[in-house]
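Dumped upload_2.txt below, it's compact mmCIF, C-alpha atoms and all ligand atoms:
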```
# COMPACT_ATOMS: atom_id res chain seq x y z
CA MET A 1 14.98 7.86 -29.71
CA ARG A 2 11.94 6.26 -28.07
CA ALA A 3 12.21 3.94 -25.08
CA THR A 4 10.01 2.35 -22.41
CA VAL A 5 10.19 3.82 -18.91
CA LEU A 6 8.50 2.38 -15.82
CA TYR A 7 7.62 5.14 -13.34
CA GLY A 8 5.48 3.28 -10.84
CA ALA A 9 3.06 0.41 -10.39
CA GLY A 10 0.84 0.35 -13.48
CA ASP A 11 2.59 3.42 -14.92
CA VAL A 12 4.70 2.46 -17.92
CA ARG A 13 5.30 5.00 -20.69
CA VAL A 14 7.05 5.24 -24.04
CA GLU A 15 9.07 8.46 -24.14
CA HIS A 16 11.70 10.32 -26.12
CA VAL A 17 15.05 9.85 -24.40
CA PRO A 18 18.64 10.75 -25.39
CA ASP A 19 19.95 8.41 -28.12
CA ALA A 20 21.82 5.31 -26.95
CA ARG A 21 25.55 5.70 -27.65
CA LEU A 22 28.90 3.99 -27.20
CA ILE A 23 30.54 4.83 -23.86
CA GLU A 24 33.07 2.16 -22.89
CA PRO A 25 35.73 0.70 -25.27
CA THR A 26 33.99 -2.70 -25.06
CA ASP A 27 30.51 -1.42 -26.03
CA ALA A 28 28.34 -2.12 -29.04
CA LEU A 29 25.37 -0.08 -30.15
CA VAL A 30 22.44 -2.20 -31.31
CA ALA A 31 19.36 -1.10 -33.23
CA VAL A 32 16.51 -3.21 -31.88
CA SER A 33 14.57 -5.12 -34.56
CA ARG A 34 12.49 -7.16 -32.12
CA ALA A 35 12.09 -7.00 -28.36
CA CYS A 36 9.48 -8.41 -26.01
CA ILE A 37 7.70 -8.04 -22.70
CA CYS A 38 8.62 -10.63 -20.07
CA GLY A 39 6.62 -12.15 -17.25
CA SER A 40 9.34 -10.87 -14.93
CA ASP A 41 8.64 -7.29 -16.14
CA LEU A 42 5.20 -7.69 -14.61
CA TRP A 43 6.61 -7.92 -11.07
CA PRO A 44 7.82 -4.28 -10.96
CA TYR A 45 4.83 -3.29 -13.10
CA LYS A 46 2.60 -4.59 -10.30
CA LEU A 47 4.73 -3.92 -7.21
CA MET A 48 7.01 -0.91 -7.83
CA LYS A 49 6.93 1.25 -4.70
CA PRO A 50 6.54 5.04 -4.65
CA GLY A 51 9.96 6.71 -4.49
CA GLU A 52 11.77 4.00 -6.48
CA PRO A 53 13.73 5.53 -9.39
CA PRO A 54 12.29 5.19 -12.91
CA ARG A 55 13.56 2.22 -14.87
CA ARG A 56 14.15 1.72 -18.61
CA MET A 57 12.55 -1.63 -19.27
CA GLY A 58 13.31 -4.65 -21.45
CA HIS A 59 15.92 -7.40 -21.37
CA GLU A 60 15.21 -9.49 -24.47
CA ALA A 61 16.03 -8.46 -28.02
CA ILE A 62 17.30 -9.27 -31.46
CA GLY A 63 18.89 -6.41 -33.31
CA VAL A 64 21.49 -5.22 -35.77
CA VAL A 65 24.86 -3.90 -34.64
CA GLU A 66 25.10 -0.24 -35.67
CA ALA A 67 28.56 0.54 -34.31
CA VAL A 68 31.21 -0.92 -32.02
CA SER A 69 33.85 0.70 -29.81
CA SER A 70 37.56 0.32 -30.49
CA GLY A 71 38.04 -2.63 -28.13
CA VAL A 72 35.37 -4.88 -29.69
CA ARG A 73 36.96 -7.75 -31.62
CA THR A 74 34.33 -10.26 -32.72
CA LEU A 75 31.44 -8.06 -33.89
CA LYS A 76 30.98 -5.51 -36.64
CA ALA A 77 28.31 -3.15 -37.92
CA GLY A 78 25.57 -5.06 -39.70
CA ASP A 79 25.78 -8.25 -37.62
CA VAL A 80 22.40 -9.65 -36.58
CA VAL A 81 22.67 -10.45 -32.88
CA VAL A 82 20.65 -11.92 -30.05
CA MET A 83 21.08 -10.33 -26.66
CA PRO A 84 20.83 -12.47 -23.51
CA PHE A 85 19.06 -10.80 -20.58
CA ALA A 86 22.36 -10.48 -18.69
CA TYR A 87 25.62 -9.01 -19.98
CA SER A 88 28.87 -10.83 -19.29
CA ASP A 89 32.55 -10.63 -20.21
CA GLY A 90 32.81 -14.24 -21.40
CA THR A 91 36.26 -14.55 -19.82
CA CYS A 92 35.92 -14.78 -16.03
CA ALA A 93 35.85 -18.01 -14.01
CA PHE A 94 32.04 -18.17 -13.93
CA CYS A 95 31.70 -17.47 -17.65
CA HIS A 96 34.16 -20.30 -18.33
CA GLU A 97 31.99 -22.54 -16.19
CA GLY A 98 28.93 -21.57 -18.24
CA LEU A 99 27.33 -19.51 -15.47
CA HIS A 100 27.30 -16.17 -17.25
CA THR A 101 24.64 -14.69 -14.95
CA SER A 102 27.26 -14.75 -12.17
CA CYS A 103 29.92 -13.01 -14.30
CA VAL A 104 32.16 -10.98 -12.00
CA HIS A 105 31.89 -8.00 -14.38
CA GLY A 106 28.32 -8.66 -15.48
CA GLY A 107 24.85 -7.37 -14.73
CA PHE A 108 21.32 -7.21 -16.08
CA PHE A 109 19.57 -5.16 -18.77
CA GLY A 110 16.45 -3.17 -17.97
CA THR A 111 17.55 -2.17 -14.49
CA VAL A 112 18.04 1.22 -12.87
CA GLU A 113 21.73 0.88 -13.74
CA LEU A 114 21.43 -0.12 -17.40
CA PRO A 115 18.73 0.90 -19.91
CA GLY A 116 16.70 -1.88 -21.45
CA ALA A 117 15.66 -3.25 -24.82
CA GLN A 118 12.04 -2.08 -25.17
CA ALA A 119 13.48 0.81 -27.13
CA GLU A 120 14.67 1.75 -30.61
CA ALA A 121 18.29 1.08 -29.66
CA LEU A 122 20.48 0.22 -26.69
CA ARG A 123 24.08 0.17 -25.52
CA ILE A 124 25.52 -3.31 -24.92
CA PRO A 125 28.38 -3.46 -22.38
CA LEU A 126 31.08 -6.13 -22.81
CA ALA A 127 29.74 -6.74 -26.32
CA ASP A 128 32.18 -9.52 -27.28
CA GLY A 129 31.13 -11.61 -24.30
CA THR A 130 27.47 -10.67 -24.30
CA LEU A 131 26.14 -10.72 -27.84
CA PHE A 132 25.71 -13.80 -30.00
CA ALA A 133 25.93 -13.19 -33.75
CA LEU A 134 23.26 -15.16 -35.62
CA PRO A 135 23.83 -16.87 -38.95
CA VAL A 136 20.63 -15.39 -40.40
CA GLY A 137 19.36 -12.20 -42.04
CA ALA A 138 17.33 -9.64 -40.10
CA ASP A 139 14.00 -10.73 -41.62
CA ASP A 140 14.44 -14.45 -41.24
CA ALA A 141 11.22 -16.39 -40.64
CA LEU A 142 12.77 -17.93 -37.54
CA MET A 143 13.05 -14.57 -35.75
CA ALA A 144 10.34 -15.26 -33.18
CA SER A 145 12.00 -18.48 -32.06
CA LEU A 146 15.48 -16.93 -32.13
CA LEU A 147 14.19 -14.09 -29.95
CA THR A 148 13.25 -16.57 -27.21
CA LEU A 149 16.96 -17.43 -26.87
CA SER A 150 17.30 -14.04 -25.12
CA ASP A 151 15.47 -15.41 -22.13
CA VAL A 152 12.39 -17.64 -22.05
CA MET A 153 13.69 -20.67 -23.99
CA GLY A 154 17.02 -20.57 -22.15
CA THR A 155 15.16 -20.14 -18.88
CA GLY A 156 12.87 -23.11 -19.55
CA HIS A 157 15.93 -25.15 -20.46
CA HIS A 158 17.63 -24.07 -17.24
CA ALA A 159 14.62 -25.23 -15.22
CA ALA A 160 14.85 -28.62 -16.93
CA ARG A 161 18.60 -28.89 -16.32
CA ALA A 162 18.30 -27.88 -12.65
CA ALA A 163 15.44 -30.38 -12.21
CA LYS A 164 17.65 -33.11 -13.76
CA VAL A 165 15.26 -33.94 -16.59
CA GLY A 166 16.45 -36.86 -18.66
CA ARG A 167 15.35 -39.81 -20.72
CA GLY A 168 12.37 -41.65 -19.28
CA LYS A 169 11.74 -39.17 -16.46
CA THR A 170 8.33 -38.05 -15.27
CA VAL A 171 8.16 -34.27 -15.18
CA ALA A 172 5.76 -31.61 -13.92
CA VAL A 173 5.85 -28.00 -15.10
CA ILE A 174 4.32 -25.39 -12.78
CA GLY A 175 3.23 -22.30 -14.69
CA ASP A 176 1.65 -21.85 -18.11
CA GLY A 177 3.33 -18.57 -19.04
CA ALA A 178 5.94 -18.34 -21.79
CA VAL A 179 8.67 -19.78 -19.55
CA GLY A 180 6.48 -22.70 -18.46
CA LEU A 181 5.64 -23.43 -22.10
CA CYS A 182 9.33 -23.31 -23.05
CA ALA A 183 10.05 -25.58 -20.08
CA VAL A 184 7.72 -28.14 -21.69
CA ILE A 185 9.73 -27.87 -24.92
CA ALA A 186 12.97 -28.29 -22.95
CA ALA A 187 11.71 -31.31 -21.00
CA ARG A 188 10.57 -33.02 -24.20
CA ARG A 189 13.86 -32.19 -25.90
CA LEU A 190 15.83 -33.76 -23.03
CA GLY A 191 13.88 -36.99 -23.31
CA ALA A 192 11.20 -36.82 -20.61
CA GLU A 193 8.66 -39.60 -20.99
CA ARG A 194 5.74 -37.91 -19.31
CA ILE A 195 5.22 -34.14 -18.95
CA MET A 196 2.39 -32.76 -16.82
CA ILE A 197 1.53 -29.07 -17.13
CA LEU A 198 -0.18 -27.33 -14.23
CA GLY A 199 -2.39 -24.58 -15.65
CA HIS A 200 -5.93 -23.84 -16.74
CA HIS A 201 -5.95 -21.28 -19.56
CA PRO A 202 -7.26 -23.16 -22.68
CA ASP A 203 -4.98 -21.42 -25.24
CA ARG A 204 -1.89 -22.02 -23.14
CA ILE A 205 -2.81 -25.63 -22.43
CA GLY A 206 -3.35 -26.20 -26.15
CA LEU A 207 0.11 -24.84 -26.87
CA ALA A 208 1.63 -26.92 -24.06
CA LYS A 209 0.13 -30.07 -25.61
CA GLY A 210 1.55 -29.06 -28.98
CA PHE A 211 4.96 -28.70 -27.34
CA GLY A 212 4.79 -32.18 -25.81
CA ALA A 213 2.80 -32.04 -22.57
CA THR A 214 1.15 -35.42 -22.01
CA ASP A 215 -1.15 -34.53 -19.07
CA VAL A 216 -2.96 -31.40 -17.92
CA VAL A 217 -3.59 -30.64 -14.24
CA SER A 218 -6.02 -27.79 -13.85
CA GLU A 219 -6.64 -28.13 -10.12
CA ARG A 220 -4.93 -25.69 -7.73
CA GLY A 221 -3.19 -25.95 -4.38
CA GLU A 222 -3.61 -29.17 -2.40
CA ARG A 223 -5.90 -30.68 -5.04
CA ALA A 224 -3.25 -30.15 -7.69
CA VAL A 225 -0.75 -31.98 -5.49
CA GLU A 226 -3.14 -34.92 -5.08
CA ARG A 227 -3.86 -35.05 -8.80
CA VAL A 228 -0.20 -35.01 -9.86
CA ARG A 229 0.72 -37.66 -7.31
CA ALA A 230 -2.15 -39.84 -8.51
CA LEU A 231 -1.06 -39.45 -12.15
CA ALA A 232 2.49 -40.36 -11.14
CA GLY A 233 1.44 -43.65 -9.56
CA GLY A 234 1.26 -42.21 -6.06
CA LEU A 235 5.01 -41.57 -5.80
CA GLY A 236 5.35 -38.09 -7.26
CA VAL A 237 7.39 -36.87 -10.22
CA HIS A 238 11.17 -37.05 -10.74
CA SER A 239 11.51 -33.45 -11.89
CA VAL A 240 9.54 -30.31 -11.10
CA LEU A 241 10.08 -27.19 -13.24
CA GLU A 242 8.91 -24.25 -11.12
CA CYS A 243 8.26 -21.35 -13.50
CA VAL A 244 6.16 -19.01 -11.35
CA GLY A 245 8.11 -17.73 -8.35
CA THR A 246 5.44 -17.62 -5.65
CA GLU A 247 5.54 -19.38 -2.30
CA GLU A 248 2.43 -21.36 -3.27
CA ALA A 249 4.14 -22.59 -6.45
CA MET A 250 7.19 -23.75 -4.47
CA ARG A 251 4.95 -25.44 -1.89
CA THR A 252 3.22 -27.28 -4.73
CA ALA A 253 6.61 -28.20 -6.24
CA ILE A 254 7.80 -29.76 -3.00
CA GLY A 255 4.45 -31.50 -2.61
CA ILE A 256 4.56 -33.22 -5.98
CA ALA A 257 8.25 -34.18 -6.14
CA ARG A 258 9.08 -37.84 -5.71
CA ALA A 259 11.57 -38.82 -2.99
CA GLY A 260 15.04 -38.22 -4.37
CA GLY A 261 13.63 -35.88 -7.01
CA ALA A 262 14.74 -32.43 -8.07
CA ILE A 263 13.11 -29.02 -8.40
CA GLY A 264 14.41 -26.45 -10.88
CA ARG A 265 13.15 -23.01 -9.97
CA VAL A 266 13.38 -20.23 -12.51
CA GLY A 267 10.46 -18.00 -11.51
CA VAL A 268 11.94 -14.95 -9.73
CA PRO A 269 11.11 -15.77 -6.08
CA HIS A 270 8.78 -13.37 -4.32
CA TYR A 271 8.96 -15.01 -0.92
CA GLU A 272 11.50 -14.76 1.89
CA ALA A 273 12.20 -18.40 2.66
CA ILE A 274 11.68 -21.66 0.77
CA PRO A 275 8.59 -23.26 2.35
CA ALA A 276 8.03 -26.87 3.38
CA SER A 277 11.64 -27.45 4.42
CA GLU A 278 10.74 -30.58 6.43
CA PRO A 279 9.17 -32.58 3.58
CA ALA A 280 11.95 -31.29 1.30
CA PHE A 281 14.48 -32.67 3.78
CA TYR A 282 12.84 -36.01 4.50
CA ASN A 283 12.28 -36.64 0.79
CA ASN A 284 15.91 -35.90 -0.07
CA LEU A 285 14.86 -33.29 -2.63
CA THR A 286 17.37 -31.28 -4.60
CA ILE A 287 16.24 -27.67 -5.01
CA GLY A 288 18.24 -25.83 -7.67
CA GLY A 289 17.89 -23.13 -10.27
CA GLY A 290 18.22 -19.37 -10.51
CA PRO A 291 18.71 -16.89 -13.34
CA ALA A 292 19.46 -18.91 -16.47
CA PRO A 293 22.84 -18.44 -18.14
CA ALA A 294 21.01 -17.81 -21.41
CA ARG A 295 24.28 -16.84 -23.14
CA ALA A 296 25.68 -20.32 -22.46
CA TYR A 297 22.59 -22.10 -23.75
CA ILE A 298 22.32 -20.28 -27.10
CA GLN A 299 25.04 -22.50 -28.56
CA GLU A 300 23.18 -25.66 -27.51
CA LEU A 301 19.66 -24.58 -28.48
CA LEU A 302 20.37 -22.65 -31.68
CA PRO A 303 20.82 -25.67 -34.01
CA ASP A 304 17.42 -27.07 -32.96
CA VAL A 305 15.79 -23.69 -33.65
CA LEU A 306 17.49 -23.34 -37.03
CA GLU A 307 16.45 -26.87 -38.02
CA GLY A 308 12.88 -26.28 -36.84
CA LYS A 309 13.07 -29.11 -34.29
CA ILE A 310 11.77 -26.74 -31.61
CA GLU A 311 9.48 -23.76 -32.18
CA PRO A 312 9.52 -21.69 -29.00
CA GLY A 313 8.52 -18.60 -31.02
CA ARG A 314 4.95 -19.93 -30.95
CA VAL A 315 4.65 -18.46 -27.42
CA PHE A 316 4.26 -15.01 -29.01
CA ASP A 317 0.56 -14.40 -29.53
CA ARG A 318 0.68 -10.64 -30.09
CA VAL A 319 2.94 -8.29 -32.04
CA ILE A 320 2.86 -4.55 -31.31
CA GLY A 321 4.78 -1.38 -32.12
CA LEU A 322 6.81 0.49 -29.51
CA ASP A 323 4.08 3.05 -28.86
CA GLU A 324 1.66 0.26 -27.89
CA VAL A 325 3.97 -1.13 -25.20
CA PRO A 326 1.85 0.17 -22.27
CA ASP A 327 -1.13 -1.77 -23.64
CA GLY A 328 1.16 -4.79 -24.07
CA TYR A 329 1.97 -4.71 -20.35
CA ARG A 330 -1.72 -4.46 -19.54
CA ALA A 331 -2.57 -7.39 -21.83
CA MET A 332 0.09 -9.64 -20.32
CA ASN A 333 -0.77 -8.60 -16.78
CA GLU A 334 -4.43 -9.46 -17.38
CA ARG A 335 -3.34 -12.75 -18.98
CA GLU A 336 -5.01 -11.68 -22.21
CA ALA A 337 -1.70 -12.31 -24.03
CA ILE A 338 0.85 -15.05 -23.37
CA LYS A 339 3.85 -13.10 -24.63
CA VAL A 340 4.03 -9.86 -26.53
CA MET A 341 6.59 -9.12 -29.23
CA VAL A 342 7.57 -5.51 -29.82
CA LYS A 343 8.73 -4.28 -33.23
CA PRO A 344 10.10 -0.78 -32.70
ZN ZN B 1 32.35 -13.35 -16.77
```

Mind turning the file's structure into structure tokens?
Ligand SMILES: [Zn+2]
Amino acid sequence: MRATVLYGAGDVRVEHVPDARLIEPTDALVAVSRACICGSDLWPYKLMKPGEPPRRMGHEAIGVVEAVSSGVRTLKAGDVVVMPFAYSDGTCAFCHEGLHTSCVHGGFFGTVELPGAQAEALRIPLADGTLFALPVGADDALMASLLTLSDVMGTGHHAARAAKVGRGKTVAVIGDGAVGLCAVIAARRLGAERIMILGHHPDRIGLAKGFGATDVVSERGERAVERVRALAGGLGVHSVLECVGTEEAMRTAIGIARAGGAIGRVGVPHYEAIPASEPAFYNNLTIGGGPAPARAYIQELLPDVLEGKIEPGRVFDRVIGLDEVPDGYRAMNEREAIKVMVKP
């Protein structure tokens, strides 16, 4: 079968690899019908160091179950499933608490340890706990939006939850990538009154407005902080959804949060220590977030997707075949595409 392998910074290839197969008694084998390239894939694509082992990429997919091992109880061949970016047993203490990304038996797809979803097929460990069977056919028109439940829509929702978004709140979203755009959807869905998006790319801003953003802040750095504070009546915003992961983004987040406010960070952090700890302390800020338990959120978000109340699939602005994946990485890295869907 064909699969995507990252060999080094800027060096991603689609290659023939041994077919995915069932190994453990709790495995399922899934034929990928749609996968995608994630903003977080761009970090190793940019920064992978010489000597690091090659990595089979991809952690978001919808597919059809081809076969299950003897110990799988809730899934069968032919089921259409969405795969969260982490696998989990669904039975441990953390899974019961809805924090599947901390599952004591879990882990992540698209790592050195476990091959990823930018491929024709993949092995799913702990299939009963990991996969979510969808009540739709494989060619349903809602596929793009359902695919976002693998990661970006759940991640945007997690940012909103961690930032304590609620009815009447003033919210700022840092980042205009797919996660930032889904964070706008999530903030609107949870009742935010005012949603500011920090970004400057016209297509992305247009989409953010369509999703419910009420204000656009295109300044950067200190000027962005001043502008947000001015828009928020000088006090700052209740909730900041940090969807980038850089030190500058976190500094901005702390700068624009209102005293007593909360920051939900879902951009994978690429800095050692959280900056601006003094203002964060004196303003009584809550800083939360982390990898979203996407598996837990599917149940909550799915009805809104099925009813068309939210349309996170609109973040996909390019659809490619598996062989074009290297160009998909390039396009996302150069911000030519917001999010790329892959149809193997
Ligand atoms: Zn667990």

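When all atoms listed in the file are used to compute distances to Gly154 (chain A), the closest of the residues A:Gly106, A:Pro303, A:Pro293, A:Gly71 turns out to be A:Pro293.
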
Selection as JSON, numbers by chain: residues within 12 Å of ligand ZN 1 (chain B) by all atoms listed in the file: {"A": [86, 87, 88, 89, 90, 91, 92, 93, 94, 95, 96, 97, 98, 99, 100, 101, 102, 103, 104, 105, 106, 107, 126, 127, 128, 129, 130, 293, 295, 296]}

Contacts of Glu66 (chain A) at 8 Å (only C-alpha atoms; same-chain gap of 4+ positions) as a PyMOL selection string: chain A and resi 28-31+76-78

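As for CA of Leu207 (chain A) and CA of Val266 (chain A), they are spaced 20.1 Å apart.
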
Pick from A:Asn284, A:Glu219, A:Leu6, A:Val68 nearest to Glu52 (chain A), counting only C-alpha atoms: A:Leu6

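The space between CA of Gly212 (chain A) and CA of Ala253 (chain A) spans 20.1 Å.
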
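Proximity of A:Gly245, A:Gly39, A:Gly166, A:Pro312 to Gly328 (chain A), computed with only C-alpha atoms, is greatest for A:Gly39.
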
Pick from A:Arg223, A:Arg265, A:Arg204, A:Arg251, whichever lies nearest to Gly156 (chain A) using all atoms listed in the file: A:Arg265

Residue among A:Pro44, A:Gly255, A:Pro269, A:Pro202 lying closest to Tyr282 (chain A), counting all atoms listed in the file: A:Gly255

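Counting all atoms listed in the file, the residue from A:Leu322, A:Leu122, A:Ala20, A:Ala172 that sits nearest to Ile254 (chain A) is A:Ala172.
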
Expected axis-aligned box over every listed atom of region 142-155 of chain A, 5 Å added per side, centre plus edges in Å to one decimal, as lines of an AutoDock Vina configuration file:
```
center_x = 13.8
center_y = -17.4
center_z = -28.2
size_x = 17.0
size_y = 16.6
size_z = 28.7
```

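Around Thr170 (chain A), within 8 Å and counting only C-alpha atoms, the residues found are Ala192, Glu193, Arg194, Ile195, Ala232, Val237, His238 and Ser239 of chain A, once anything fewer than 3 positions away on its own chain is removed.
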
Same residues, C-alpha atoms, output as a PDB file, keeping the file's coordinate frame:
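Just written: result_34.pdb:
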```pdb
ATOM      1  CA  ALA A 192      11.200 -36.820 -20.610  1.00  0.00           C
ATOM      2  CA  GLU A 193       8.660 -39.600 -20.990  1.00  0.00           C
ATOM      3  CA  ARG A 194       5.740 -37.910 -19.310  1.00  0.00           C
ATOM      4  CA  ILE A 195       5.220 -34.140 -18.950  1.00  0.00           C
ATOM      5  CA  ALA A 232       2.490 -40.360 -11.140  1.00  0.00           C
ATOM      6  CA  VAL A 237       7.390 -36.870 -10.220  1.00  0.00           C
ATOM      7  CA  HIS A 238      11.170 -37.050 -10.740  1.00  0.00           C
ATOM      8  CA  SER A 239      11.510 -33.450 -11.890  1.00  0.00           C
TER       9      SER A 239
END
```

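Taking CA of Val32 (chain A) and CA of Met83 (chain A) as endpoints, the distance between them is 9.9 Å.
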
Who sits within 12 Å of Asp140 (chain A), only C-alpha atoms, same chain under 3 positions skipped, as number ranges by chain: A: 33-34, 62, 80, 134-137, 143-147, 306

Atoms to include: C-alpha atoms. Write the selected residues as a PDB file, in the frame of the given file.
```
ATOM      1  CA  SER A  33      14.570  -5.120 -34.560  1.00  0.00           C
ATOM      2  CA  ARG A  34      12.490  -7.160 -32.120  1.00  0.00           C
ATOM      3  CA  ILE A  62      17.300  -9.270 -31.460  1.00  0.00           C
ATOM      4  CA  VAL A  80      22.400  -9.650 -36.580  1.00  0.00           C
ATOM      5  CA  LEU A 134      23.260 -15.160 -35.620  1.00  0.00           C
ATOM      6  CA  PRO A 135      23.830 -16.870 -38.950  1.00  0.00           C
ATOM      7  CA  VAL A 136      20.630 -15.390 -40.400  1.00  0.00           C
ATOM      8  CA  GLY A 137      19.360 -12.200 -42.040  1.00  0.00           C
ATOM      9  CA  MET A 143      13.050 -14.570 -35.750  1.00  0.00           C
ATOM     10  CA  ALA A 144      10.340 -15.260 -33.180  1.00  0.00           C
ATOM     11  CA  SER A 145      12.000 -18.480 -32.060  1.00  0.00           C
ATOM     12  CA  LEU A 146      15.480 -16.930 -32.130  1.00  0.00           C
ATOM     13  CA  LEU A 147      14.190 -14.090 -29.950  1.00  0.00           C
ATOM     14  CA  LEU A 306      17.490 -23.340 -37.030  1.00  0.00           C
TER      15      LEU A 306
END
```
